[in-house]
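Colleague: Pasting in a structure now, in structure tokens, and then I'll have a few things to ask.
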Amino acid sequence: MNWDWDKLQQRQKERGRQGGGAGGGGPQPPNMDDIINKFRNLKFSWGWIGIVVAVVVIIIGATTVYTVETNEVGVIQRFGEYTRTTQSGLHFKLPVGIEKVTKVKTKRVYTEQFGKAEELSGSSTYGASRDEIEAAMMLTGDLNVGVVPWIVQYRIKDAYNYLFNVADVRKLIRDMAEASMRLVVGDRSINEVISKRQEIATAAQVRLQKDLNEAKTGIQIATVELGNTNVPEPVQDSFNEVNRAVQEKEELIYKARKDYNQVIPRARGQAEKTIETAKGYAFKRTNRAEGDASRFLAQYEAYKQAEEVTRRRLYLEKMEDILPKLGDKYIVDSQQDNLLPLLNLGLKKGVQNAGQ
């Protein structure tokens with residue numbers, strides 16, 4: 001592009017002399033008509049045109065080709081409207097101003113922390129703000145205040161929902177995670193919160209994932225991990241004393257139950273043994289009485305049918321049972337005289353037996 005500076009300066013000098021002769025105060029600026037005419041006469045060289053074309057081509061090429069890494073996906077928007085999602089590799093799109101690519105890391109694990117860093121196992125590298133510390137203060141189901149530090153780790157599962165359905169992802173995660181954890185902790189006692197951390201973390205993760213799915217956030221919870229849960233520092237000593245008292249109470253109850261389990265079953269066994277012995281004796285006596293009664297009734301029926309024979313049989317059976325137990329026996333005829341000199345001292349006994 002050439003500019004006739006010599007002619008322009010010459011004309012300015014002439015106008016300056018003319019103006020000075022007429023009482024002017026120095027050189028005058030160029031006339032606008034002359035400037036416009038000069039611009040109309042400008043000539044562009046082919047070198048400048050080539051440079052401009054090259055720049056345009058470079059810009060188009062740089063904004064048309066893009067690469068997506070293995071741990072991310074590319075979300076394409078055409079004039080602001082979503083069109084497609086591309087996976088890892090080399091891809092093409094329309095130049096800048098028409099299509100825009102947003103890369104979302106879908107395999108990266110993001111972490112949100114609630115509570116003091118030193119109270120979180122394996123997470124001392126994360127800082128804890130005042131809001132995070134206050135988020136760890138929770139009311140349990142038995143109306144105690146517990147300090148429940150925890151972390152939430154998550155990944156981006158659906159890039160479309162992540163970009164277009166959530167305005168502030170971090171705030172949403174924190175609000176939902178805090179709501180889920182407070183709901184789970186509020187259903188348990190302070191002792192359960194301290195002793196059952198894994199159970200609480202699992203329940204909170206399930207609850208949080210359900211809420212995120214309903215909100216269509218495109219976020220997948222990787223893990224929820226609880227740190228060292230405890231009570232606030234001002235009440236820790238009192239809480240420890242209460243726990244010691246509860247432990248002593250449980251120990252006494254356990255000892256009493258042990259003694260109870262040793263004494264009561266033995267007494268119950270003895271009582272059941274006595275009862276069963278009494279039942280056996282009663283059953284034996286009842287059966288014997290019923291047998292005796294049945295035998296007596298049977299004998300009575302036989303006696304009625306033949307009284308004399310039955311009476312004699314009973315007499316003989318009884319004598320058969322008695323005589324072997326008497327020892328020496330003497331049978332004396334009732335008509336016999338002068339028996340005493342022969343029997344000596346055994347006569348009295350023999351006579352008595354004979355009389356019987």
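Scheme for the structure tokens: letters A, B, ... for chains in order shown; per-chain residue numbers from 1; ligand numbers from 1 in order shown.
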If you count only C-alpha atoms, which residues fall within 10 Å of Gly146 of chain A, apart from same-chain ones fewer than 4 positions away, as a PDB file with N, CA and C atoms, in the first residue's frame?
Modeller:
```
ATOM      1  N   ALA A 136     -20.547 -30.397  59.668  1.00  0.00           N
ATOM      2  CA  ALA A 136     -20.345 -31.660  60.379  1.00  0.00           C
ATOM      3  C   ALA A 136     -21.082 -31.712  61.711  1.00  0.00           C
ATOM      4  N   MET A 137     -21.635 -30.600  62.194  1.00  0.00           N
ATOM      5  CA  MET A 137     -22.394 -30.585  63.445  1.00  0.00           C
ATOM      6  C   MET A 137     -23.819 -31.029  63.162  1.00  0.00           C
ATOM      7  N   MET A 138     -24.231 -32.151  63.779  1.00  0.00           N
ATOM      8  CA  MET A 138     -25.537 -32.729  63.468  1.00  0.00           C
ATOM      9  C   MET A 138     -26.262 -33.129  64.739  1.00  0.00           C
ATOM     10  N   LEU A 139     -27.593 -33.131  64.648  1.00  0.00           N
ATOM     11  CA  LEU A 139     -28.460 -33.543  65.753  1.00  0.00           C
ATOM     12  C   LEU A 139     -28.861 -34.991  65.523  1.00  0.00           C
ATOM     13  N   THR A 140     -28.577 -35.843  66.512  1.00  0.00           N
ATOM     14  CA  THR A 140     -28.884 -37.261  66.391  1.00  0.00           C
ATOM     15  C   THR A 140     -30.316 -37.545  66.816  1.00  0.00           C
ATOM     16  N   VAL A 185     -28.341 -39.568  59.948  1.00  0.00           N
ATOM     17  CA  VAL A 185     -27.878 -39.413  61.331  1.00  0.00           C
ATOM     18  C   VAL A 185     -29.040 -39.126  62.267  1.00  0.00           C
ATOM     19  N   SER A 189     -29.051 -43.001  67.228  1.00  0.00           N
ATOM     20  CA  SER A 189     -28.559 -42.424  68.477  1.00  0.00           C
ATOM     21  C   SER A 189     -27.095 -42.031  68.323  1.00  0.00           C
ATOM     22  N   ILE A 190     -26.603 -41.277  69.299  1.00  0.00           N
ATOM     23  CA  ILE A 190     -25.219 -40.816  69.245  1.00  0.00           C
ATOM     24  C   ILE A 190     -24.250 -41.987  69.323  1.00  0.00           C
ATOM     25  N   ASN A 191     -24.600 -43.032  70.090  1.00  0.00           N
ATOM     26  CA  ASN A 191     -23.725 -44.207  70.180  1.00  0.00           C
ATOM     27  C   ASN A 191     -23.666 -44.949  68.851  1.00  0.00           C
ATOM     28  N   VAL A 193     -24.077 -43.538  65.933  1.00  0.00           N
ATOM     29  CA  VAL A 193     -23.319 -42.679  65.019  1.00  0.00           C
ATOM     30  C   VAL A 193     -21.818 -42.867  65.218  1.00  0.00           C
ATOM     31  N   ILE A 194     -21.409 -43.080  66.464  1.00  0.00           N
ATOM     32  CA  ILE A 194     -19.984 -43.236  66.751  1.00  0.00           C
ATOM     33  C   ILE A 194     -19.493 -44.635  66.383  1.00  0.00           C
ATOM     34  N   THR A 229     -16.086 -39.849  64.150  1.00  0.00           N
ATOM     35  CA  THR A 229     -17.252 -39.158  64.712  1.00  0.00           C
ATOM     36  C   THR A 229     -17.104 -39.045  66.222  1.00  0.00           C
ATOM     37  N   ASN A 230     -17.592 -37.948  66.758  1.00  0.00           N
ATOM     38  CA  ASN A 230     -17.479 -37.702  68.194  1.00  0.00           C
ATOM     39  C   ASN A 230     -18.487 -36.637  68.580  1.00  0.00           C
ATOM     40  N   VAL A 231     -18.448 -36.224  69.831  1.00  0.00           N
ATOM     41  CA  VAL A 231     -19.286 -35.129  70.310  1.00  0.00           C
ATOM     42  C   VAL A 231     -18.448 -33.859  70.333  1.00  0.00           C
ATOM     43  N   PRO A 232     -19.064 -32.680  70.393  1.00  0.00           N
ATOM     44  CA  PRO A 232     -18.277 -31.432  70.451  1.00  0.00           C
ATOM     45  C   PRO A 232     -17.333 -31.407  71.640  1.00  0.00           C
TER      46      PRO A 232
END
```
Colleague: When DSSP works through the backbone of this structure, what residues of segment 107-351 of chain A end up as alpha helix (DSSP H), shown as a compact mmCIF listing (two decimals) with C-alpha atoms, in the first residue's frame?
Modeller:
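Okay, out-v4.txt is ready:
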```txt
# COMPACT_ATOMS: atom_id res chain seq x y z
CA ARG A 130 -15.85 -22.77 58.52
CA ASP A 131 -18.90 -23.84 56.52
CA GLU A 132 -17.48 -27.35 56.17
CA ILE A 133 -16.85 -27.57 59.92
CA GLU A 134 -20.36 -26.34 60.72
CA ALA A 135 -21.79 -28.85 58.24
CA ALA A 159 -21.96 -35.04 30.47
CA TYR A 160 -25.18 -33.64 28.93
CA ASN A 161 -27.10 -33.58 32.23
CA TYR A 162 -24.01 -32.34 34.05
CA LEU A 163 -23.62 -29.31 31.74
CA PHE A 164 -27.21 -28.35 31.03
CA VAL A 169 -22.65 -28.44 40.55
CA ARG A 170 -20.51 -28.02 43.67
CA LYS A 171 -23.25 -26.23 45.61
CA LEU A 172 -25.80 -28.85 44.55
CA ILE A 173 -23.55 -31.72 45.66
CA ARG A 174 -22.86 -30.12 49.01
CA ASP A 175 -26.51 -29.29 49.73
CA MET A 176 -27.79 -32.74 48.76
CA ALA A 177 -24.98 -34.56 50.58
CA GLU A 178 -25.58 -32.58 53.76
CA ALA A 179 -29.34 -33.18 53.58
CA SER A 180 -28.86 -36.93 53.07
CA MET A 181 -26.34 -37.28 55.90
CA ARG A 182 -28.47 -35.28 58.34
CA LEU A 183 -31.47 -37.45 57.49
CA VAL A 184 -29.55 -40.67 58.14
CA VAL A 185 -27.88 -39.41 61.33
CA ILE A 190 -25.22 -40.82 69.24
CA ASN A 191 -23.72 -44.21 70.18
CA GLU A 192 -24.80 -45.67 66.84
CA VAL A 193 -23.32 -42.68 65.02
CA ILE A 194 -19.98 -43.24 66.75
CA SER A 195 -19.86 -47.04 66.45
CA ARG A 197 -19.84 -45.37 60.70
CA GLN A 198 -19.78 -47.76 57.75
CA GLU A 199 -23.50 -48.47 58.02
CA ILE A 200 -24.29 -44.74 58.13
CA ALA A 201 -21.98 -44.00 55.18
CA THR A 202 -23.64 -46.69 53.06
CA ALA A 203 -27.14 -45.47 53.89
CA ALA A 204 -26.18 -41.85 53.14
CA GLN A 205 -24.62 -42.85 49.79
CA VAL A 206 -27.77 -44.69 48.70
CA ARG A 207 -29.94 -41.76 49.71
CA LEU A 208 -27.71 -39.19 48.00
CA GLN A 209 -27.49 -41.17 44.75
CA LYS A 210 -31.29 -41.47 44.67
CA ASP A 211 -31.72 -37.69 45.03
CA LEU A 212 -29.10 -36.97 42.35
CA ASN A 213 -30.78 -39.37 39.93
CA GLU A 214 -34.16 -37.76 40.51
CA GLN A 236 -16.58 -34.59 75.55
CA ASP A 237 -15.64 -35.07 79.24
CA SER A 238 -19.27 -35.24 80.32
CA PHE A 239 -20.08 -37.57 77.47
CA ASN A 240 -17.20 -39.87 78.43
CA GLU A 241 -18.42 -39.98 82.03
CA VAL A 242 -21.90 -40.88 80.83
CA ASN A 243 -20.44 -43.63 78.68
CA ARG A 244 -18.45 -45.00 81.62
CA ALA A 245 -21.59 -45.01 83.75
CA VAL A 246 -23.51 -46.77 81.01
CA GLN A 247 -20.73 -49.34 80.65
CA GLU A 248 -20.73 -50.00 84.41
CA LYS A 249 -24.50 -50.36 84.29
CA GLU A 250 -24.24 -52.82 81.41
CA GLU A 251 -21.56 -54.74 83.28
CA LEU A 252 -23.74 -55.06 86.38
CA ILE A 253 -26.70 -56.10 84.27
CA TYR A 254 -24.55 -58.70 82.53
CA LYS A 255 -23.33 -60.07 85.86
CA ALA A 256 -26.87 -60.24 87.23
CA ARG A 257 -28.04 -62.03 84.10
CA LYS A 258 -25.15 -64.46 84.45
CA ASP A 259 -26.15 -65.29 88.03
CA TYR A 260 -29.77 -65.46 86.97
CA ASN A 261 -28.93 -67.89 84.18
CA GLN A 262 -27.01 -70.06 86.63
CA VAL A 263 -29.57 -70.18 89.47
CA ILE A 264 -32.96 -69.99 87.79
CA PRO A 265 -32.47 -72.87 85.31
CA ARG A 266 -31.16 -75.11 88.12
CA ALA A 267 -34.14 -74.29 90.31
CA ARG A 268 -36.49 -74.82 87.40
CA GLY A 269 -34.86 -78.17 86.68
CA GLN A 270 -35.23 -79.28 90.29
CA ALA A 271 -38.84 -78.13 90.36
CA GLU A 272 -39.60 -79.96 87.12
CA LYS A 273 -37.85 -83.07 88.50
CA THR A 274 -39.94 -82.96 91.67
CA ILE A 275 -43.11 -82.44 89.68
CA GLU A 276 -42.32 -85.33 87.35
CA THR A 277 -41.46 -87.57 90.33
CA ALA A 278 -44.77 -86.70 91.96
CA LYS A 279 -46.60 -87.36 88.72
CA GLY A 280 -44.88 -90.75 88.40
CA TYR A 281 -45.72 -91.69 92.00
CA ALA A 282 -49.33 -90.60 91.54
CA PHE A 283 -49.56 -92.57 88.31
CA LYS A 284 -48.08 -95.64 90.02
CA ARG A 285 -50.41 -95.43 93.02
CA THR A 286 -53.41 -94.81 90.80
CA ASN A 287 -52.64 -97.76 88.61
CA ARG A 288 -52.04 -100.00 91.60
CA ALA A 289 -55.29 -98.93 93.23
CA GLU A 290 -57.18 -99.44 90.01
CA GLY A 291 -55.59 -102.89 89.64
CA ASP A 292 -56.45 -103.85 93.21
CA ALA A 293 -59.99 -102.63 92.73
CA SER A 294 -60.32 -104.52 89.47
CA ARG A 295 -58.99 -107.71 91.07
CA PHE A 296 -61.30 -107.33 94.05
CA LEU A 297 -64.28 -106.82 91.77
CA ALA A 298 -63.26 -109.85 89.71
CA GLN A 299 -62.99 -111.96 92.87
CA TYR A 300 -66.30 -110.70 94.09
CA GLU A 301 -67.94 -111.67 90.80
CA ALA A 302 -66.42 -115.16 91.10
CA TYR A 303 -67.46 -115.37 94.74
CA LYS A 304 -71.08 -114.61 93.89
CA GLN A 305 -71.13 -117.42 91.35
CA GLU A 307 -69.50 -118.73 97.32
CA GLU A 308 -68.41 -121.92 99.12
CA VAL A 309 -65.79 -122.88 96.58
CA THR A 310 -64.48 -119.37 96.36
CA ARG A 311 -64.33 -119.02 100.16
CA ARG A 312 -62.40 -122.29 100.48
CA ARG A 313 -60.02 -121.32 97.65
CA LEU A 314 -59.34 -117.97 99.29
CA TYR A 315 -58.66 -119.68 102.61
CA LEU A 316 -56.30 -122.19 101.08
CA GLU A 317 -54.43 -119.54 99.10
CA LYS A 318 -54.00 -117.45 102.20
CA MET A 319 -52.82 -120.40 104.27
CA GLU A 320 -50.40 -121.29 101.48
CA ASP A 321 -48.96 -117.83 101.82
CA ILE A 322 -48.85 -117.83 105.66
CA LEU A 340 -48.71 -131.61 126.95
CA PRO A 341 -46.04 -134.00 128.39
CA LEU A 342 -44.88 -134.78 124.90
CA LEU A 343 -44.60 -131.25 123.55
CA LEU A 347 -46.65 -127.01 123.21
CA LYS A 348 -48.07 -123.60 123.88
CA LYS A 349 -46.84 -122.28 120.58
CA GLY A 350 -47.99 -125.38 118.70
CA VAL A 351 -51.42 -125.20 120.27
```
Colleague: Restricting the calculation to only C-alpha atoms, which member of A:Val109, A:Val104, A:Ala222, A:Leu326 is positioned closest to Val73 of chain A?
Modeller: A:Val104
Colleague: Quick one, how far is atom CA of Pro95 of chain A from atom CA of Phe79 of chain A?
Modeller: 11.2 Å
Colleague: Kindly give the distance, in Å, that separates atom CA of Pro149 of chain A and atom CA of Asn165 of chain A, rounded to a single decimal.
Modeller: 28.8 Å
Colleague: Pick out the residues sitting within 10 Å of Gln153 of chain A, and hand them over as number ranges by chain; count only C-alpha atoms, and ignore anything fewer than 6 positions along from it in its own chain.
Modeller: A: 108-113, 220-225
Colleague: What lies within 8 Å of Lys107 of chain A using only C-alpha atoms, ignoring chain neighbours under 2 positions off, as a list in words?
Modeller: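 Near Lys107 of chain A, the qualifying residues are Asn71, Glu72, Lys105, Val109, Arg155 and Ile156 of chain A.
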Colleague: I need the residues from that last selection saved to file as an mmCIF file, in the first residue's frame (with N, CA and C atoms), if you can.
Modeller:
```
data_model
loop_
_atom_site.group_PDB
_atom_site.id
_atom_site.type_symbol
_atom_site.label_atom_id
_atom_site.label_comp_id
_atom_site.auth_asym_id
_atom_site.auth_seq_id
_atom_site.Cartn_x
_atom_site.Cartn_y
_atom_site.Cartn_z
ATOM 1 N N ASN A 71 -9.804 -39.777 29.138
ATOM 2 C CA ASN A 71 -10.553 -39.649 30.384
ATOM 3 C C ASN A 71 -11.650 -38.588 30.302
ATOM 4 N N GLU A 72 -12.059 -38.224 29.081
ATOM 5 C CA GLU A 72 -13.059 -37.177 28.929
ATOM 6 C C GLU A 72 -13.903 -37.418 27.688
ATOM 7 N N LYS A 105 -14.446 -34.097 31.897
ATOM 8 C CA LYS A 105 -13.663 -35.229 32.396
ATOM 9 C C LYS A 105 -14.595 -36.187 33.140
ATOM 10 N N VAL A 109 -12.141 -38.270 39.554
ATOM 11 C CA VAL A 109 -12.863 -38.375 40.823
ATOM 12 C C VAL A 109 -12.772 -37.029 41.538
ATOM 13 N N ARG A 155 -18.092 -38.960 40.361
ATOM 14 C CA ARG A 155 -17.669 -38.827 38.966
ATOM 15 C C ARG A 155 -18.831 -38.268 38.149
ATOM 16 N N ILE A 156 -18.483 -37.795 36.947
ATOM 17 C CA ILE A 156 -19.500 -37.304 36.013
ATOM 18 C C ILE A 156 -19.894 -38.466 35.110
#
```
Colleague: Counting only C-alpha atoms, figure out which residue out of A:Val96, A:Pro324, A:Pro234, A:Ile51 gets nearest to Thr63 of chain A.
Modeller: A:Val96
